[in-house]
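What follows is upload33.csv (CSV, C-alpha atoms).
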```csv
chain,number,residue,atom,x,y,z
A,1,MET,CA,6.9,13.4,-11.8
A,2,ILE,CA,5.8,10.5,-9.7
A,3,VAL,CA,8.5,9.6,-7.2
A,4,ILE,CA,8.9,6.0,-6.0
A,5,VAL,CA,10.7,5.8,-2.7
A,6,ASP,CA,13.9,3.7,-2.7
A,7,TYR,CA,14.7,2.4,0.8
A,8,GLY,CA,16.7,-0.6,-0.4
A,9,MET,CA,13.8,-3.1,-0.4
A,10,GLY,CA,10.8,-4.0,-2.5
A,11,ASN,CA,9.6,-4.3,-6.0
A,12,LEU,CA,10.7,-0.8,-7.1
A,13,ARG,CA,11.5,-1.3,-10.7
A,14,SER,CA,8.3,-3.2,-11.5
A,15,VAL,CA,6.3,-0.3,-10.2
A,16,GLU,CA,8.4,2.1,-12.2
A,17,LYS,CA,8.0,0.1,-15.4
A,18,ALA,CA,4.2,-0.1,-14.9
A,19,PHE,CA,3.9,3.7,-14.7
A,20,HIS,CA,6.2,4.0,-17.8
A,21,LYS,CA,4.0,1.5,-19.7
A,22,LEU,CA,1.0,3.7,-18.9
A,23,GLY,CA,2.8,6.8,-20.2
A,24,PHE,CA,3.6,8.5,-16.8
A,25,ASP,CA,6.9,10.1,-15.8
A,26,ALA,CA,8.1,8.1,-12.7
A,27,THR,CA,11.5,7.7,-11.1
A,28,VAL,CA,13.0,5.7,-8.2
A,29,THR,CA,14.9,7.8,-5.7
A,30,ARG,CA,16.0,8.0,-2.1
A,31,ASP,CA,16.8,11.7,-2.3
A,32,PRO,CA,14.8,13.4,0.6
A,33,GLU,CA,14.6,16.7,-1.2
A,34,LEU,CA,13.2,15.2,-4.3
A,35,ILE,CA,10.7,13.2,-2.3
A,36,ALA,CA,9.7,16.4,-0.4
A,37,SER,CA,9.2,18.4,-3.5
A,38,SER,CA,7.5,15.8,-5.7
A,39,PRO,CA,3.8,16.2,-6.5
A,40,ALA,CA,3.2,12.5,-5.9
A,41,VAL,CA,4.9,9.8,-3.9
A,42,VAL,CA,4.6,6.0,-4.1
A,43,LEU,CA,5.8,3.8,-1.3
A,44,PRO,CA,6.0,0.2,-2.5
A,45,GLY,CA,7.4,-2.6,-0.4
A,46,VAL,CA,8.3,-6.3,0.1
A,47,GLY,CA,10.1,-7.3,3.3
A,48,ALA,CA,10.1,-6.9,7.0
A,49,PHE,CA,8.4,-4.0,8.8
A,50,GLY,CA,11.2,-3.3,11.2
A,51,ARG,CA,14.0,-3.4,8.7
A,52,CYS,CA,12.1,-1.2,6.3
A,53,MET,CA,11.5,1.4,9.1
A,54,ASP,CA,15.2,1.2,10.0
A,55,ASN,CA,16.2,1.9,6.3
A,56,LEU,CA,13.7,4.8,6.0
A,57,THR,CA,15.1,6.4,9.1
A,58,GLU,CA,18.8,5.8,8.1
A,59,TYR,CA,18.1,7.5,4.7
A,60,GLY,CA,16.3,10.4,6.3
A,61,LEU,CA,13.0,9.6,4.5
A,62,THR,CA,10.4,9.3,7.2
A,63,GLY,CA,10.0,13.1,7.6
A,64,PRO,CA,9.6,13.8,3.9
A,65,ILE,CA,7.1,11.0,3.5
A,66,VAL,CA,5.0,12.1,6.4
A,67,GLU,CA,5.1,15.7,5.4
A,68,HIS,CA,4.1,14.8,1.8
A,69,ILE,CA,1.1,12.9,3.1
A,70,GLU,CA,0.1,15.6,5.6
A,71,SER,CA,0.3,18.2,2.8
A,72,GLY,CA,-2.5,16.5,1.0
A,73,LYS,CA,-0.5,15.6,-2.1
A,74,PRO,CA,-1.3,12.3,-3.8
A,75,PHE,CA,0.3,9.3,-2.1
A,76,LEU,CA,0.1,5.6,-3.1
A,77,GLY,CA,1.2,2.8,-0.7
A,78,ILE,CA,1.6,-0.8,-1.9
A,79,CYS,CA,1.8,-4.0,0.3
A,80,LEU,CA,4.4,-3.2,3.0
A,81,GLY,CA,4.0,0.4,1.9
A,82,LEU,CA,0.5,0.2,3.3
A,83,GLN,CA,1.5,-1.5,6.5
A,84,LEU,CA,4.1,1.2,7.3
A,85,LEU,CA,1.5,3.8,7.4
A,86,PHE,CA,0.2,2.4,10.7
A,87,GLU,CA,1.6,2.8,14.2
A,88,GLU,CA,3.0,-0.7,14.8
A,89,SER,CA,3.2,-4.3,13.6
A,90,GLU,CA,3.3,-7.7,15.3
A,91,GLU,CA,6.1,-8.5,12.9
A,92,SER,CA,8.5,-6.1,14.6
A,93,PRO,CA,7.5,-5.5,18.3
A,94,GLY,CA,8.7,-2.2,19.6
A,95,VAL,CA,9.2,-0.6,16.2
A,96,ARG,CA,7.1,2.4,15.5
A,97,GLY,CA,5.6,2.8,12.0
A,98,LEU,CA,5.0,6.1,10.3
A,99,GLY,CA,1.8,6.6,12.3
A,100,VAL,CA,-0.1,8.4,9.6
A,101,LEU,CA,-3.0,6.1,10.2
A,102,ARG,CA,-4.2,4.8,13.6
A,103,GLY,CA,-4.1,1.1,14.2
A,104,LYS,CA,-1.7,-1.9,14.0
A,105,VAL,CA,-0.6,-4.6,11.7
A,106,LEU,CA,-1.5,-8.2,12.7
A,107,ARG,CA,-0.3,-11.6,11.7
A,108,PHE,CA,-2.8,-14.0,10.1
A,109,PRO,CA,-3.9,-16.7,12.5
A,110,SER,CA,-2.4,-20.2,11.9
A,111,VAL,CA,-5.9,-21.8,11.8
A,112,HIS,CA,-9.2,-20.6,10.5
A,113,PRO,CA,-11.2,-18.9,13.3
A,114,GLY,CA,-14.2,-21.1,14.2
A,115,ASN,CA,-12.5,-24.2,12.8
A,116,GLY,CA,-9.4,-25.1,14.8
A,117,THR,CA,-8.6,-28.1,12.7
A,118,ARG,CA,-8.3,-26.2,9.4
A,119,LYS,CA,-4.9,-24.7,8.9
A,120,LEU,CA,-4.5,-21.3,7.2
A,121,ILE,CA,-1.6,-21.3,4.7
A,122,ILE,CA,0.7,-18.4,5.5
A,123,PRO,CA,1.7,-16.3,3.6
A,124,HIS,CA,-1.5,-15.4,1.9
A,125,MET,CA,-0.2,-15.7,-1.7
A,126,GLY,CA,-2.1,-15.5,-5.0
A,127,TRP,CA,-5.3,-14.0,-6.3
A,128,ASN,CA,-8.2,-12.9,-4.1
A,129,ARG,CA,-11.2,-10.6,-4.4
A,130,VAL,CA,-11.7,-7.1,-3.0
A,131,ARG,CA,-15.0,-5.8,-1.9
A,132,TYR,CA,-15.3,-2.0,-1.8
A,133,ASP,CA,-16.4,-0.2,1.4
A,134,MET,CA,-16.3,3.3,0.0
A,135,PRO,CA,-16.0,5.2,-3.3
A,136,SER,CA,-12.4,5.9,-4.2
A,137,PRO,CA,-10.9,7.8,-7.2
A,138,ALA,CA,-8.2,5.1,-7.3
A,139,LEU,CA,-10.8,2.4,-7.9
A,140,ASP,CA,-12.7,4.3,-10.6
A,141,GLY,CA,-13.5,1.9,-13.4
A,142,VAL,CA,-12.5,-1.1,-11.3
A,143,PRO,CA,-15.5,-3.5,-10.9
A,144,GLU,CA,-16.6,-4.5,-7.5
A,145,GLY,CA,-15.2,-7.9,-6.5
A,146,SER,CA,-12.2,-7.7,-8.8
A,147,TRP,CA,-9.3,-10.1,-8.3
A,148,PHE,CA,-5.9,-8.8,-7.3
A,149,TYR,CA,-2.6,-10.4,-6.5
A,150,PHE,CA,-1.5,-10.7,-2.8
A,151,VAL,CA,1.7,-11.8,-1.1
A,152,HIS,CA,1.7,-11.2,2.7
A,153,SER,CA,1.7,-12.7,6.2
A,154,TYR,CA,0.5,-9.7,8.0
A,155,TYR,CA,-2.6,-7.5,7.5
A,156,PRO,CA,-3.6,-4.0,8.6
A,157,ALA,CA,-6.2,-3.5,11.3
A,158,PRO,CA,-7.2,0.2,11.2
A,159,ALA,CA,-8.5,1.8,14.4
A,160,ASP,CA,-10.7,4.1,12.2
A,161,GLU,CA,-13.2,2.2,10.1
A,162,ASP,CA,-13.8,5.2,7.9
A,163,VAL,CA,-10.4,4.8,6.2
A,164,VAL,CA,-11.2,1.3,4.9
A,165,ALA,CA,-11.8,1.4,1.1
A,166,GLY,CA,-11.6,-2.3,0.4
A,167,VAL,CA,-12.0,-5.6,2.3
A,168,THR,CA,-10.8,-9.1,1.5
A,169,GLU,CA,-11.4,-12.4,3.3
A,170,TYR,CA,-8.6,-14.9,4.1
A,171,GLY,CA,-9.5,-16.7,7.2
A,172,VAL,CA,-10.3,-13.3,8.7
A,173,GLU,CA,-11.8,-10.3,7.0
A,174,PHE,CA,-9.2,-7.6,6.6
A,175,ALA,CA,-8.7,-4.1,5.1
A,176,SER,CA,-7.1,-4.7,1.8
A,177,ALA,CA,-7.2,-1.0,0.7
A,178,VAL,CA,-7.3,2.2,2.7
A,179,GLN,CA,-8.0,5.8,1.8
A,180,LYS,CA,-7.7,9.1,3.6
A,181,GLY,CA,-7.8,12.3,1.6
A,182,SER,CA,-5.4,12.0,-1.3
A,183,LEU,CA,-3.8,8.9,0.3
A,184,PHE,CA,-4.6,5.5,-1.1
A,185,ALA,CA,-2.8,2.3,-0.2
A,186,SER,CA,-3.4,-1.4,-1.1
A,187,GLN,CA,-2.3,-4.6,0.5
A,188,PHE,CA,-2.4,-6.2,-2.9
A,189,HIS,CA,0.1,-5.5,-5.7
A,190,PRO,CA,-1.6,-3.4,-8.6
A,191,GLU,CA,1.6,-3.8,-10.7
A,192,LYS,CA,1.2,-7.6,-10.6
A,193,SER,CA,-2.5,-7.7,-11.0
A,194,GLY,CA,-2.8,-7.4,-14.8
A,195,ALA,CA,-5.0,-4.9,-16.6
A,196,ILE,CA,-7.3,-4.3,-13.6
A,197,GLY,CA,-4.2,-3.4,-11.4
A,198,LEU,CA,-2.9,-1.1,-14.1
A,199,ARG,CA,-6.2,0.7,-14.0
A,200,ILE,CA,-5.5,1.7,-10.4
A,201,LEU,CA,-2.0,3.0,-11.4
A,202,LYS,CA,-3.6,4.8,-14.3
A,203,ASN,CA,-6.2,6.4,-12.0
A,204,PHE,CA,-3.4,7.5,-9.7
A,205,GLY,CA,-1.3,9.0,-12.5
A,206,GLU,CA,-4.2,10.9,-14.0
A,207,MET,CA,-5.1,12.3,-10.5
A,208,VAL,CA,-1.5,13.5,-10.3
A,209,GLU,CA,-1.7,15.1,-13.8
A,210,GLY,CA,-5.1,16.5,-13.2
A,211,ILE,CA,-6.5,14.9,-16.4
A,212,LYS,CA,-8.9,12.4,-14.7
A,213,THR,CA,-11.1,10.8,-17.4
```

Could I get this structure in the form of structure tokens?
Amino acid sequence: MIVIVDYGMGNLRSVEKAFHKLGFDATVTRDPELIASSPAVVLPGVGAFGRCMDNLTEYGLTGPIVEHIESGKPFLGICLGLQLLFEESEESPGVRGLGVLRGKVLRFPSVHPGNGTRKLIIPHMGWNRVRYDMPSPALDGVPEGSWFYFVHSYYPAPADEDVVAGVTEYGVEFASAVQKGSLFASQFHPEKSGAIGLRILKNFGEMVEGIKT
């Protein structure tokens, strides 16, 4: 079973429905024991970094999530679920993230770098392209330069470049996908990105079931 972490925020049901549409067993839960024992965990998210970390802590979910990732079992982070993997965010000064990946989350600049008269619309909302920086099982069958749906005002800045799986440009070039071992996370929303996004969820589900095709 694929467990989708419920911390009171985010697009949980749309992710669950996407997995069901693809034929995978998935459930939404905030049960720490179920998360700890699950073969695969998905951490989606829409909302504020600080409030989300507060909720994860209140529900006793930070430990099970980190232990799951460190065990090497498949993990998928989506949007805020990617940002929470890092150490801190400019959105919530003083709040510590899960710290699974080194680096911080930054706010997009209000103007384009190198052109101080051109404003950058925040949040970054809509379709944008992803350039791949490394091979990834999650991106198997997904063409280079594919378009995905984004909604965010902050972006990850990994301290380790070797975890960057995908890059997108929006005023600045930022890591739009990261991978480390069996961990894959995207700043974009696969569940809102049509057939090409569903391919990523299908790849993840097949990795979990061990029937990769």

Please produce, as JSON lines, a per-residue contact table for range 106-154 of chain A versus range 186-195 of chain A (criterion: any atom at most 10 Å away, all atoms listed in the file considered), showing the nearest atom pair and its distance in Å to one decimal, sorted by chain then residue number.
```
{"residue": "A:Met125", "atom": "CA", "partner": "A:Phe188", "partner_atom": "CA", "distance": 9.8}
{"residue": "A:Gly126", "atom": "CA", "partner": "A:Phe188", "partner_atom": "CA", "distance": 9.5}
{"residue": "A:Trp127", "atom": "CA", "partner": "A:Ser193", "partner_atom": "CA", "distance": 8.3}
{"residue": "A:Asn128", "atom": "CA", "partner": "A:Phe188", "partner_atom": "CA", "distance": 8.9}
{"residue": "A:Arg129", "atom": "CA", "partner": "A:Phe188", "partner_atom": "CA", "distance": 10.0}
{"residue": "A:Val130", "atom": "CA", "partner": "A:Phe188", "partner_atom": "CA", "distance": 9.3}
{"residue": "A:Val142", "atom": "CA", "partner": "A:Ala195", "partner_atom": "CA", "distance": 9.9}
{"residue": "A:Ser146", "atom": "CA", "partner": "A:Ser193", "partner_atom": "CA", "distance": 9.9}
{"residue": "A:Trp147", "atom": "CA", "partner": "A:Ser193", "partner_atom": "CA", "distance": 7.7}
{"residue": "A:Phe148", "atom": "CA", "partner": "A:Ser193", "partner_atom": "CA", "distance": 5.1}
{"residue": "A:Tyr149", "atom": "CA", "partner": "A:Ser193", "partner_atom": "CA", "distance": 5.2}
{"residue": "A:Phe150", "atom": "CA", "partner": "A:Phe188", "partner_atom": "CA", "distance": 4.6}
{"residue": "A:Val151", "atom": "CA", "partner": "A:Phe188", "partner_atom": "CA", "distance": 7.2}
{"residue": "A:His152", "atom": "CA", "partner": "A:Gln187", "partner_atom": "CA", "distance": 8.0}
{"residue": "A:Tyr154", "atom": "CA", "partner": "A:Gln187", "partner_atom": "CA", "distance": 9.5}
```

**Report entry** Residue nearest Val46 in chain A - candidates A:Asp133, A:Gly145, A:Ser153, A:Thr62, atoms counted: all atoms listed in the file
**Finding:**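 Closest to Val46 in chain A, using all atoms listed in the file: A:Ser153.
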
Query raised in the report: Neighbours of Tyr7 in chain A within 6 Å (only C-alpha atoms; same-chain residues fewer than 2 positions away dropped), as a list in words?
Result: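 With the cut-off at 6 Å, the set is Met9, Asn55 and Leu56 of chain A.
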
Query raised in the report: By how many Å are CA of Thr57 in chain A and CA of Ala36 in chain A apart?
Result: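 Separation of CA of Thr57 in chain A and CA of Ala36 in chain A: 14.8 Å.
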
Query raised in the report: Using only C-alpha atoms, which of A:Pro32, A:Pro93, A:Gly60, A:Pro137 sits nearest Arg199 in chain A?
Result: A:Pro137

Query raised in the report: What is the distance, in Å and to one decimal place, between CA of Ser136 in chain A and CA of Ala165 in chain A?
Result: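 Between CA of Ser136 in chain A and CA of Ala165 in chain A the gap is 7.0 Å.
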
Query raised in the report: Please, which residues are within 9 Å of (-0.8, 9.5, -0.6) by the file's coordinates, counting all atoms listed in the file, and could they come as a list in words?
Result: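 Here is the list of nearby residues: Ala40, Val41, Val42, Leu43, His68, Ile69, Glu70, Gly72, Lys73, Pro74, Phe75, Leu76, Gly77, Gln179, Lys180, Gly181, Ser182, Leu183, Phe184 and Ala185 of chain A.
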
Query raised in the report: Given the choices A:Ile78, A:Ile121, A:Val3, A:Val95, which gets closest to Gly50 in chain A if the distance is worked out from all atoms listed in the file?
Result: A:Val95

Query raised in the report: Any idea what the distance is between CA of Ile122 in chain A and CA of Ser89 in chain A?
Result: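 Separating CA of Ile122 in chain A from CA of Ser89 in chain A is a distance of 16.5 Å.
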
**Report entry** Pick from A:Val5, A:Leu98, A:Ile196, A:Ala26, whichever lies nearest to Val66 in chain A using all atoms listed in the file
**Finding:**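 The shortest atom-to-atom distance to Val66 in chain A comes from A:Leu98.
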
Query raised in the report: Taking all atoms listed in the file into account, which of A:Asp25, A:Arg131, A:Ser71, A:Phe49 comes nearest Glu91 in chain A?
Result: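 Under the stated criterion, the closest residue is A:Phe49.
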
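The residue that comes closest to Phe108 in chain A, out of A:Pro158, A:Gly171, A:Gly141, A:Pro44 and on the basis of all atoms listed in the file, is A:Gly171.
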
**Report entry** Exercise: residues within 6 Å of coordinate (2.8, -2.2, 14.2), counting only C-alpha atoms, as a PyMOL selection string
**Finding:** chain A and resi 87-90+104-105

Using 12 Å as the limit and counting all atoms listed in the file, can you tabulate each residue of range 169-210 of chain A that touches range 110-113 of chain A, with its shortest atom-to-atom distance in Å and the two atoms involved, as a Markdown table?
```
| residue | atom | partner | partner_atom | distance |
| --- | --- | --- | --- | --- |
| A:Glu169 | CA | A:His112 | CA | 11.1 |
| A:Tyr170 | CA | A:His112 | CA | 8.6 |
| A:Gly171 | CA | A:His112 | CA | 5.1 |
| A:Val172 | CA | A:Pro113 | CA | 7.3 |
| A:Glu173 | CA | A:Pro113 | CA | 10.7 |
```

**Report entry** Near-Phe24 in chain A list (10 Å; only C-alpha atoms; drop same-chain fewer than 6 positions) as a ChimeraX atom specification
**Finding:** /A:1-2,16-18,201-202,205-206,208-209
